[in-house]
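Engineer: The structure file run-v2.csv (CSV, C-alpha atoms and all ligand atoms) is provided below.
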```csv
chain,number,residue,atom,x,y,z
K,1,MET,CA,0.0,0.0,0.0
K,2,LYS,CA,1.3,3.4,-1.0
K,3,LYS,CA,0.1,6.4,1.0
K,4,ILE,CA,0.4,9.4,-1.3
K,5,LEU,CA,0.1,13.1,-0.5
K,6,ILE,CA,-0.2,15.4,-3.6
K,7,THR,CA,0.6,19.1,-3.3
K,8,GLY,CA,-1.0,21.5,-5.8
K,9,SER,CA,-3.9,19.1,-6.5
K,10,ASN,CA,-5.9,22.0,-8.1
K,11,GLY,CA,-3.3,22.3,-10.9
K,12,LEU,CA,-3.1,20.5,-14.2
K,13,LEU,CA,-0.8,17.7,-13.1
K,14,GLY,CA,-2.4,17.6,-9.6
K,15,GLN,CA,-5.9,17.0,-11.0
K,16,LYS,CA,-4.6,14.3,-13.4
K,17,LEU,CA,-2.9,12.6,-10.4
K,18,ALA,CA,-6.1,12.7,-8.4
K,19,GLU,CA,-8.1,11.1,-11.2
K,20,LEU,CA,-5.4,8.4,-11.8
K,21,LEU,CA,-4.8,7.5,-8.2
K,22,LEU,CA,-8.1,7.8,-6.4
K,23,PRO,CA,-9.6,4.6,-8.0
K,24,ARG,CA,-6.5,2.5,-7.1
K,25,GLN,CA,-7.0,0.0,-4.3
K,26,ASP,CA,-3.3,-0.1,-3.5
K,27,VAL,CA,-3.2,3.7,-2.9
K,28,GLU,CA,-4.4,5.8,0.0
K,29,LEU,CA,-4.5,9.4,-1.2
K,30,LEU,CA,-4.6,12.8,0.3
K,31,ALA,CA,-4.9,15.7,-2.2
K,32,THR,CA,-3.8,19.1,-0.9
K,33,SER,CA,-3.7,22.6,-2.5
K,34,ARG,CA,-4.0,26.1,-1.3
K,35,GLY,CA,-7.6,27.3,-0.9
K,36,GLU,CA,-10.7,25.3,-1.8
K,37,ASN,CA,-10.7,21.8,-3.6
K,38,LYS,CA,-11.5,22.4,-7.3
K,39,LEU,CA,-12.3,18.7,-7.7
K,40,ALA,CA,-15.0,18.6,-5.0
K,41,GLU,CA,-17.8,18.2,-7.6
K,42,VAL,CA,-16.1,15.9,-10.1
K,43,LEU,CA,-14.4,13.7,-7.5
K,44,PRO,CA,-16.6,13.9,-4.5
K,45,THR,CA,-14.8,11.0,-2.6
K,46,LEU,CA,-11.4,12.6,-3.0
K,47,PRO,CA,-9.8,13.2,0.5
K,48,PHE,CA,-8.7,16.8,0.5
K,49,ARG,CA,-7.0,19.2,2.9
K,50,SER,CA,-6.1,22.8,2.2
K,51,MET,CA,-2.3,23.1,2.5
K,52,ASP,CA,-0.3,26.2,1.5
K,53,VAL,CA,3.2,24.9,0.9
K,54,THR,CA,4.8,28.3,1.7
K,55,LYS,CA,3.7,27.9,5.3
K,56,PRO,CA,6.1,25.6,7.1
K,57,GLU,CA,4.0,24.9,10.1
K,58,GLU,CA,1.0,24.0,7.9
K,59,VAL,CA,3.2,21.6,5.9
K,60,ASP,CA,4.6,20.1,9.0
K,61,ARG,CA,1.2,19.6,10.6
K,62,VAL,CA,-0.5,18.0,7.5
K,63,VAL,CA,2.4,15.7,6.7
K,64,SER,CA,2.8,14.6,10.3
K,65,GLU,CA,-0.9,13.9,10.6
K,66,PHE,CA,-1.3,12.0,7.4
K,67,ARG,CA,2.1,10.3,7.5
K,68,PRO,CA,2.4,9.5,3.8
K,69,THR,CA,4.9,7.1,2.3
K,70,HIS,CA,5.3,9.4,-0.7
K,71,ILE,CA,4.7,13.1,-1.5
K,72,ILE,CA,4.3,14.1,-5.1
K,73,HIS,CA,5.1,17.8,-5.1
K,74,THR,CA,3.5,19.6,-8.1
K,75,ALA,CA,2.7,23.0,-6.6
K,76,ALA,CA,4.8,25.8,-8.1
K,77,MET,CA,4.7,29.2,-9.7
K,78,THR,CA,4.4,28.0,-13.2
K,79,ASN,CA,3.7,31.4,-14.9
K,80,VAL,CA,7.2,31.9,-16.3
K,81,ASP,CA,6.7,35.6,-17.0
K,82,GLN,CA,5.2,36.2,-13.5
K,83,CYS,CA,8.3,34.7,-12.0
K,84,GLU,CA,10.4,37.4,-13.6
K,85,SER,CA,8.3,40.2,-12.0
K,86,ASP,CA,7.5,38.6,-8.7
K,87,ARG,CA,10.9,37.3,-7.8
K,88,ASP,CA,10.3,37.0,-4.0
K,89,GLY,CA,7.1,35.1,-4.6
K,90,ALA,CA,8.9,32.8,-7.1
K,91,VAL,CA,11.7,32.0,-4.6
K,92,LEU,CA,9.2,31.4,-1.8
K,93,LEU,CA,7.0,29.0,-3.8
K,94,ASN,CA,9.5,27.3,-6.1
K,95,ARG,CA,12.5,27.0,-3.7
K,96,ASP,CA,11.7,27.7,-0.1
K,97,ALA,CA,8.5,25.6,0.0
K,98,VAL,CA,10.6,22.7,-1.3
K,99,GLN,CA,12.8,23.1,1.8
K,100,TYR,CA,9.8,23.0,4.0
K,101,LEU,CA,8.6,19.8,2.3
K,102,VAL,CA,12.1,18.2,2.6
K,103,ASN,CA,12.1,19.0,6.3
K,104,ALA,CA,8.7,17.3,6.7
K,105,CYS,CA,9.9,14.3,4.6
K,106,GLU,CA,13.1,13.9,6.7
K,107,LYS,CA,11.1,14.1,9.9
K,108,ASN,CA,8.5,11.6,8.8
K,109,ASN,CA,10.6,9.3,6.6
K,110,VAL,CA,8.7,10.2,3.4
K,111,HIS,CA,9.9,9.6,-0.2
K,112,LEU,CA,9.7,12.9,-2.0
K,113,VAL,CA,8.9,13.0,-5.7
K,114,HIS,CA,9.6,16.5,-6.9
K,115,LEU,CA,8.6,18.0,-10.3
K,116,SER,CA,11.1,20.0,-12.3
K,117,THR,CA,11.5,21.4,-15.7
K,118,ASP,CA,13.4,21.6,-19.0
K,119,PHE,CA,13.7,25.4,-18.2
K,120,ILE,CA,16.7,24.6,-15.9
K,121,PHE,CA,18.6,24.3,-19.3
K,122,ASP,CA,19.8,27.1,-21.6
K,123,GLY,CA,18.4,25.4,-24.7
K,124,GLU,CA,21.7,25.5,-26.6
K,125,ASP,CA,21.9,21.7,-27.2
K,126,GLY,CA,18.7,19.8,-26.5
K,127,PRO,CA,17.4,17.1,-26.3
K,128,TYR,CA,18.9,16.6,-22.8
K,129,ASP,CA,19.5,13.5,-20.8
K,130,GLU,CA,19.5,13.4,-17.0
K,131,GLU,CA,23.2,14.1,-16.8
K,132,ALA,CA,23.2,17.3,-18.8
K,133,LYS,CA,24.5,20.5,-17.2
K,134,ALA,CA,21.9,23.0,-16.1
K,135,ASN,CA,22.2,26.7,-17.0
K,136,PRO,CA,18.8,28.5,-16.7
K,137,VAL,CA,18.0,31.6,-18.9
K,138,ASN,CA,15.1,32.9,-16.9
K,139,PHE,CA,14.2,33.3,-13.3
K,140,TYR,CA,11.6,30.5,-13.2
K,141,GLY,CA,14.3,28.1,-14.3
K,142,GLU,CA,16.7,29.6,-11.7
K,143,THR,CA,14.3,29.0,-8.9
K,144,LYS,CA,13.5,25.4,-10.1
K,145,LEU,CA,17.2,24.6,-10.3
K,146,GLN,CA,17.7,25.9,-6.8
K,147,ALA,CA,14.8,23.6,-5.7
K,148,GLU,CA,16.6,20.7,-7.3
K,149,GLU,CA,19.7,21.5,-5.2
K,150,VAL,CA,17.5,21.5,-2.1
K,151,VAL,CA,16.1,18.1,-3.0
K,152,LYS,CA,19.5,16.6,-3.8
K,153,GLN,CA,20.7,17.6,-0.3
K,154,ALA,CA,17.7,15.9,1.4
K,155,LYS,CA,18.4,13.0,3.8
K,156,CYS,CA,15.1,11.3,2.9
K,157,LYS,CA,14.6,9.2,-0.3
K,158,TRP,CA,13.9,11.5,-3.3
K,159,ALA,CA,13.3,11.5,-7.0
K,160,ILE,CA,13.3,14.5,-9.4
K,161,LEU,CA,11.0,14.2,-12.4
K,162,ARG,CA,11.7,16.7,-15.1
K,163,THR,CA,9.1,17.5,-17.7
K,164,VAL,CA,8.4,19.7,-20.7
K,165,LEU,CA,5.5,21.9,-22.0
K,166,VAL,CA,2.6,20.1,-20.4
K,167,PHE,CA,-0.8,20.1,-22.1
K,168,GLY,CA,-4.2,18.9,-21.2
K,169,ILE,CA,-7.6,19.9,-19.9
K,170,ALA,CA,-8.5,20.5,-16.2
K,171,HIS,CA,-11.5,21.6,-14.2
K,172,ASP,CA,-12.1,25.3,-13.2
K,173,TYR,CA,-8.5,26.1,-14.3
K,174,GLY,CA,-7.1,29.4,-15.5
K,175,ARG,CA,-3.8,28.5,-17.1
K,176,SER,CA,-3.9,27.7,-20.8
K,177,ASN,CA,-1.5,25.5,-22.8
K,178,ILE,CA,-0.4,25.2,-26.4
K,179,VAL,CA,-3.2,22.8,-27.5
K,180,LEU,CA,-6.1,24.7,-25.9
K,181,TRP,CA,-4.6,28.1,-26.9
K,182,VAL,CA,-4.2,27.2,-30.6
K,183,ARG,CA,-7.6,25.4,-30.8
K,184,ASP,CA,-9.5,28.3,-29.1
K,185,SER,CA,-7.7,31.0,-31.0
K,186,LEU,CA,-8.4,29.4,-34.4
K,187,GLN,CA,-12.0,28.6,-33.5
K,188,ALA,CA,-12.4,32.3,-32.7
K,189,GLY,CA,-10.9,33.2,-36.1
K,190,LYS,CA,-7.9,34.9,-34.5
K,191,VAL,CA,-4.5,35.1,-36.2
K,192,ILE,CA,-1.7,33.7,-34.0
K,193,LYS,CA,2.0,34.1,-34.2
K,194,VAL,CA,3.8,30.8,-33.4
K,195,VAL,CA,7.5,30.3,-33.1
K,196,THR,CA,9.4,28.0,-35.5
K,197,ASP,CA,12.8,28.2,-33.7
K,198,GLN,CA,11.9,26.6,-30.4
K,199,PHE,CA,12.0,22.9,-29.9
K,200,ARG,CA,10.3,20.9,-27.2
K,201,THR,CA,9.1,17.3,-26.4
K,202,PRO,CA,5.5,18.3,-25.3
K,203,THR,CA,4.0,16.2,-22.6
K,204,LEU,CA,0.4,15.0,-22.2
K,205,ALA,CA,-0.7,15.7,-18.6
K,206,GLU,CA,-2.0,12.1,-18.3
K,207,ASP,CA,1.4,10.7,-19.3
K,208,LEU,CA,3.1,12.9,-16.7
K,209,ALA,CA,0.7,11.7,-14.0
K,210,MET,CA,1.5,8.1,-15.0
K,211,GLY,CA,5.2,8.8,-14.9
K,212,CYS,CA,4.8,10.1,-11.3
K,213,TRP,CA,2.9,7.0,-10.3
K,214,LEU,CA,5.5,4.7,-11.9
K,215,ALA,CA,8.2,6.5,-9.9
K,216,VAL,CA,6.2,6.0,-6.7
K,217,GLU,CA,5.3,2.4,-7.4
K,218,LYS,CA,8.9,1.5,-8.1
K,219,ASP,CA,10.3,3.7,-5.3
K,220,ALA,CA,12.5,5.3,-7.9
K,221,GLU,CA,15.4,7.5,-6.7
K,222,GLY,CA,17.4,10.0,-8.6
K,223,ILE,CA,16.6,12.1,-11.7
K,224,TYR,CA,14.2,11.0,-14.5
K,225,ASN,CA,13.0,12.8,-17.6
K,226,ILE,CA,9.3,12.4,-18.1
K,227,SER,CA,8.0,14.0,-21.3
K,228,GLY,CA,6.6,13.2,-24.7
K,229,SER,CA,9.0,11.5,-27.1
K,230,GLU,CA,8.6,13.7,-30.2
K,231,MET,CA,10.7,16.8,-30.8
K,232,LEU,CA,8.4,19.5,-32.2
K,233,THR,CA,8.4,23.3,-32.6
K,234,PRO,CA,5.4,25.2,-31.3
K,235,TYR,CA,4.6,25.8,-35.0
K,236,ASP,CA,4.6,22.1,-35.7
K,237,MET,CA,2.3,21.6,-32.7
K,238,ALA,CA,-0.1,24.3,-33.9
K,239,MET,CA,-0.3,22.8,-37.4
K,240,GLN,CA,-1.2,19.4,-35.9
K,241,VAL,CA,-3.8,21.0,-33.7
K,242,ALA,CA,-5.3,22.8,-36.6
K,243,ASP,CA,-5.3,19.7,-38.7
K,244,PHE,CA,-7.0,17.6,-36.0
K,245,PHE,CA,-9.8,20.1,-35.4
K,246,THR,CA,-10.0,21.0,-39.1
K,247,LEU,CA,-9.4,24.6,-38.4
K,248,ASP,CA,-7.9,27.3,-40.7
K,249,LYS,CA,-4.1,26.9,-40.8
K,250,GLY,CA,-4.0,30.2,-42.7
K,251,LEU,CA,-4.5,31.9,-39.3
K,252,ILE,CA,-1.2,30.5,-38.1
K,253,ASP,CA,1.7,32.9,-38.8
K,254,LYS,CA,5.3,31.8,-38.4
K,255,ALA,CA,7.3,33.8,-35.9
K,256,ASP,CA,10.8,33.5,-34.5
K,257,GLY,CA,12.1,34.1,-31.0
K,258,SER,CA,13.7,37.4,-31.9
K,259,THR,CA,10.5,39.0,-33.2
K,260,PHE,CA,8.3,37.4,-30.6
K,261,THR,CA,8.7,38.9,-27.1
K,262,GLN,CA,7.7,37.5,-23.8
K,263,ALA,CA,8.8,39.0,-20.4
K,264,ALA,CA,11.0,36.0,-19.6
K,265,LYS,CA,13.5,34.6,-22.1
K,266,ARG,CA,12.7,31.1,-23.3
K,267,PRO,CA,15.4,28.5,-24.0
K,268,ALA,CA,15.5,27.7,-27.7
K,269,ARG,CA,16.1,23.9,-28.0
K,270,THR,CA,15.2,21.8,-25.0
K,271,GLY,CA,13.3,18.5,-25.2
K,272,PHE,CA,14.3,15.3,-23.4
K,273,SER,CA,15.7,11.9,-24.0
K,274,ILE,CA,13.3,9.7,-22.0
K,275,ARG,CA,15.2,6.5,-22.4
K,276,LYS,CA,16.0,6.1,-18.7
K,277,ALA,CA,12.3,6.4,-17.8
K,278,GLN,CA,11.3,4.0,-20.5
K,279,THR,CA,13.8,1.3,-19.5
K,280,GLU,CA,13.8,1.7,-15.7
K,281,LEU,CA,10.2,2.7,-15.1
K,282,GLY,CA,8.4,1.3,-18.1
K,283,TYR,CA,7.2,4.7,-19.0
K,284,ARG,CA,5.4,4.8,-22.4
K,285,PRO,CA,4.0,8.2,-23.5
K,286,HIS,CA,1.3,8.8,-26.1
K,287,THR,CA,2.2,10.5,-29.4
K,288,PHE,CA,1.4,14.2,-29.7
K,289,LEU,CA,-1.5,13.4,-32.0
K,290,GLN,CA,-2.9,10.9,-29.5
K,291,GLY,CA,-2.6,13.5,-26.9
K,292,ILE,CA,-4.6,16.0,-28.9
K,293,GLN,CA,-7.2,13.3,-29.4
K,294,MET,CA,-7.5,12.7,-25.7
K,295,VAL,CA,-7.9,16.4,-25.0
K,296,ALA,CA,-10.6,16.6,-27.7
K,297,GLU,CA,-12.5,13.7,-26.1
K,298,GLN,CA,-12.5,15.5,-22.7
K,299,ALA,CA,-13.5,18.9,-24.1
K,300,VAL,CA,-17.1,20.0,-23.4
I,1,LIG,N1,3.0,23.2,-17.0
I,1,LIG,C1,4.1,23.0,-17.7
I,1,LIG,O1,4.3,23.2,-18.9
I,1,LIG,C2,5.3,22.4,-16.9
I,1,LIG,C3,5.3,22.2,-15.5
I,1,LIG,N2,6.4,21.8,-14.9
I,1,LIG,C4,6.4,21.6,-13.4
I,1,LIG,O2,5.4,20.6,-13.1
I,1,LIG,C5,4.7,20.9,-11.9
I,1,LIG,C6,3.2,20.9,-12.1
I,1,LIG,O3,2.9,21.9,-13.1
I,1,LIG,P1,1.4,22.2,-13.5
I,1,LIG,O4,0.5,21.2,-12.9
I,1,LIG,O5,1.3,22.5,-14.9
I,1,LIG,O6,1.2,23.5,-12.6
I,1,LIG,P2,-0.2,24.3,-12.3
I,1,LIG,O7,0.2,25.8,-12.4
I,1,LIG,O8,-1.2,23.9,-13.2
I,1,LIG,O9,-0.5,23.9,-10.9
I,1,LIG,C7,0.2,24.3,-9.7
I,1,LIG,C8,-0.8,24.3,-8.6
I,1,LIG,O10,-0.2,24.6,-7.4
I,1,LIG,C9,-1.0,25.4,-6.7
I,1,LIG,N3,-0.4,26.3,-5.7
I,1,LIG,C10,0.2,27.5,-6.0
I,1,LIG,N4,0.7,28.0,-4.9
I,1,LIG,C11,0.5,27.1,-3.9
I,1,LIG,C12,0.8,27.1,-2.5
I,1,LIG,N5,1.4,28.1,-2.0
I,1,LIG,N6,0.5,26.0,-1.8
I,1,LIG,C13,-0.2,25.0,-2.4
I,1,LIG,N7,-0.5,25.0,-3.7
I,1,LIG,C14,-0.2,26.0,-4.4
I,1,LIG,C15,-1.8,26.3,-7.7
I,1,LIG,O11,-3.0,26.7,-7.0
I,1,LIG,P3,-3.9,27.8,-7.7
I,1,LIG,O12,-4.8,27.0,-8.6
I,1,LIG,O13,-4.6,28.4,-6.5
I,1,LIG,O14,-3.0,28.8,-8.4
I,1,LIG,C16,-2.0,25.3,-8.8
I,1,LIG,O15,-3.2,24.6,-8.6
I,1,LIG,C17,5.3,22.2,-11.4
I,1,LIG,O16,6.3,22.0,-10.5
I,1,LIG,C18,6.0,22.8,-12.7
I,1,LIG,O17,7.1,23.6,-12.3
I,1,LIG,C19,7.6,21.5,-15.5
I,1,LIG,C20,7.6,21.7,-16.9
I,1,LIG,C21,6.5,22.1,-17.7
I,2,LIG,C1,2.0,32.7,-26.1
I,2,LIG,C2,2.7,32.1,-27.3
I,2,LIG,C3,3.6,31.1,-27.1
I,2,LIG,N1,4.2,30.6,-28.2
I,2,LIG,C4,5.1,29.4,-28.0
I,2,LIG,C5,6.3,29.7,-27.2
I,2,LIG,C6,6.5,28.5,-26.3
I,2,LIG,O1,7.5,27.6,-26.8
I,2,LIG,C7,5.1,27.7,-26.4
I,2,LIG,C8,4.4,27.8,-25.1
I,2,LIG,O2,4.4,29.1,-24.6
I,2,LIG,P1,3.9,29.5,-23.2
I,2,LIG,O3,4.3,30.9,-22.9
I,2,LIG,O4,2.4,29.3,-23.1
I,2,LIG,O5,4.5,28.5,-22.3
I,2,LIG,P2,5.8,28.5,-21.4
I,2,LIG,O6,5.6,29.5,-20.3
I,2,LIG,O7,7.0,28.8,-22.3
I,2,LIG,O8,5.8,27.0,-20.9
I,2,LIG,C9,6.7,26.6,-19.9
I,2,LIG,O9,6.0,26.5,-18.7
I,2,LIG,C10,6.8,26.2,-17.7
I,2,LIG,C11,6.0,26.0,-16.4
I,2,LIG,C12,7.8,25.1,-17.9
I,2,LIG,O10,8.3,24.5,-17.0
I,2,LIG,C13,8.3,24.8,-19.3
I,2,LIG,O11,8.5,23.4,-19.5
I,2,LIG,C14,7.5,25.4,-20.4
I,2,LIG,O12,6.6,24.5,-20.9
I,2,LIG,O13,4.4,28.4,-27.4
I,2,LIG,C15,4.1,31.1,-29.5
I,2,LIG,O14,4.7,30.6,-30.4
I,2,LIG,N2,3.3,32.2,-29.6
I,2,LIG,C16,2.6,32.7,-28.6
I,2,LIG,O15,1.9,33.8,-28.8
```
Now that the file is in, can you turn its structure into structure tokens?

Structural biologist:
Amino acid sequence: MKKILITGSNGLLGQKLAELLLPRQDVELLATSRGENKLAEVLPTLPFRSMDVTKPEEVDRVVSEFRPTHIIHTAAMTNVDQCESDRDGAVLLNRDAVQYLVNACEKNNVHLVHLSTDFIFDGEDGPYDEEAKANPVNFYGETKLQAEEVVKQAKCKWAILRTVLVFGIAHDYGRSNIVLWVRDSLQAGKVIKVVTDQFRTPTLAEDLAMGCWLAVEKDAEGIYNISGSEMLTPYDMAMQVADFFTLDKGLIDKADGSTFTQAAKRPARTGFSIRKAQTELGYRPHTFLQGIQMVAEQAV
């Protein structure tokens, strides 16, 4: 029996984890997030406690009371541009909160599964394997790299799962992602500028949730890349989305990183080799096209 506490259960990955793990007979689950439970209506039997990971005494109390075997830590400041403007907030949530969780895990003998990102790399020479040297180009990546250092110092068991450009559909959820953004923009007849000079291995949220479960099930320790397997540009992705939903590809304008400005710099070529997760965990992601299809099936 695995006793799993999820942080950030209101987020995209958190919701997919709750859906995946709640029905399992070999898992006892506690979903936590700050504020109210967004899954209360769709998963009424989901055990939930409000837990703000930036409050150490709250983390200590909830972890000590539930005494999980594993924590899957998904909560983070994932708005990359916001991390640039709210640096103190980004450090508190993306790094300091990880230290609070590590403290609670050490005290209660918990295996910590921590989520990290391709944005710890500079994007000069992707795809990356688990041994590649980090060199973040934006503040989000900086804080997530600092979090990895915190986890690596931990005296409890730990795994770091790195992922890339996650897409999927969640309930009552504000953040968009490439598939929904392209679909919704084209459906509204809007012209979009999409970059041709960034490369990613986009990740279906359901696949990432499965990767997290495999890591827990196998008590995996160390670093694992958990992403899709196809290296695509956002422009390639947009074209596949347009094709799938039979939308007007004429609305997709090619752009490049130099003309296209976002507050935070993005690494050019990331993407992951997922060989280690495939061989050691039995991780098998869907294709990007299958991922779009799954999103379409869930769309209302
Ligand atoms: N999405 C992506 O493309 C990628 C994500 N990752 C990493 O994967 C992980 C999961 O990402 P994803 O699910 O997309 O993230 P989301 O932004 O969807 O979810 C994060 C959740 O954390 C919650 N949260 C925020 N602050 C706190 C807090 N102080 N205490 C408790 N919960 C809090 C948020 O709550 P609220 O709803 O109230 O804001 C949100 O529901 C993150 O660690 C991220 O860095 C890595 C690479 C790519
Ligand atoms: C908004 C926008 C994005 N893009 C491209 C750039 C980028 O590669 C891709 C997604 O852009 P976004 O700004 O939505 O996503 P972005 O913030 O870059 O996503 C990141 O999120 C964090 C949490 C991570 O950890 C990373 O793995 C990464 O996926 O789409 C365009 O081409 N045109 C646009 O108008």

Engineer: Give the centre and edge lengths of an axis-aligned box, in Å to one decimal, that holds all listed atoms of ligand LIG 2 (chain I) with 5 Å on each side, as lines of an AutoDock Vina configuration file.

Structural biologist:
```
center_x = 5.2
center_y = 28.6
center_z = -23.4
size_x = 16.6
size_y = 20.4
size_z = 24.0
```

Engineer: Of the residues K:Ile4, K:Val194, K:Val295, K:Ala215, which is the one nearest to ligand LIG 2 (chain I), using only C-alpha atoms and all ligand atoms?

Structural biologist: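 Counting only C-alpha atoms and all ligand atoms, the residue closest to ligand LIG 2 (chain I) is K:Val194.
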
Engineer: What is the distance between CA of Asp256 in chain K and atom N2 of ligand LIG 1 (chain I), in Å to one decimal?

Structural biologist: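 It comes out at 23.2 Å.
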
Engineer: Could you pull the residues within 9 Å of range 146-150 of chain K, counting all atoms listed in the file, minus those fewer than 5 positions along the same chain, as a list in words?

Structural biologist: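 Once the adjacent positions are removed, what remains is Val91, Asn94, Arg95, Asp96, Ala97, Val98, Gln99, Val102, His114, Leu115, Ser116, Gly141 and Ile160 of chain K.
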
Engineer: Return as a PyMOL selection string the residues of protein, DNA or RNA that approach ligand LIG 2 (chain I) to within 9 Å, with only C-alpha atoms and all ligand atoms taken into account.

Structural biologist: chain K and resi 76-81+116-120+140-141+144+162-167+175-178+181-182+192-200+202-203+233-235+237-238+254-257+260-262+264-268+270-271

Engineer: Please determine, counting only C-alpha atoms, which residue among K:Gly211, K:Gly126, K:Gly282, K:Pro56 has the shortest atom-to-atom distance to Asn103 in chain K.

Structural biologist: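 Using only C-alpha atoms, Asn103 in chain K sits closest to K:Pro56.
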
Engineer: Have a look at K:Ser227, K:Asn108, K:Gln25, K:Thr45 and name the one nearest to ligand LIG 1 (chain I); count all atoms listed in the file.

Structural biologist: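 Between K:Ser227, K:Asn108, K:Gln25, K:Thr45, the residue approaching ligand LIG 1 (chain I) most closely is K:Ser227.
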
Engineer: With distances taken over all atoms listed in the file, which of K:Arg275, K:Phe245, K:Leu93, K:Glu221 is nearest to Thr74 in chain K?

Structural biologist: K:Leu93
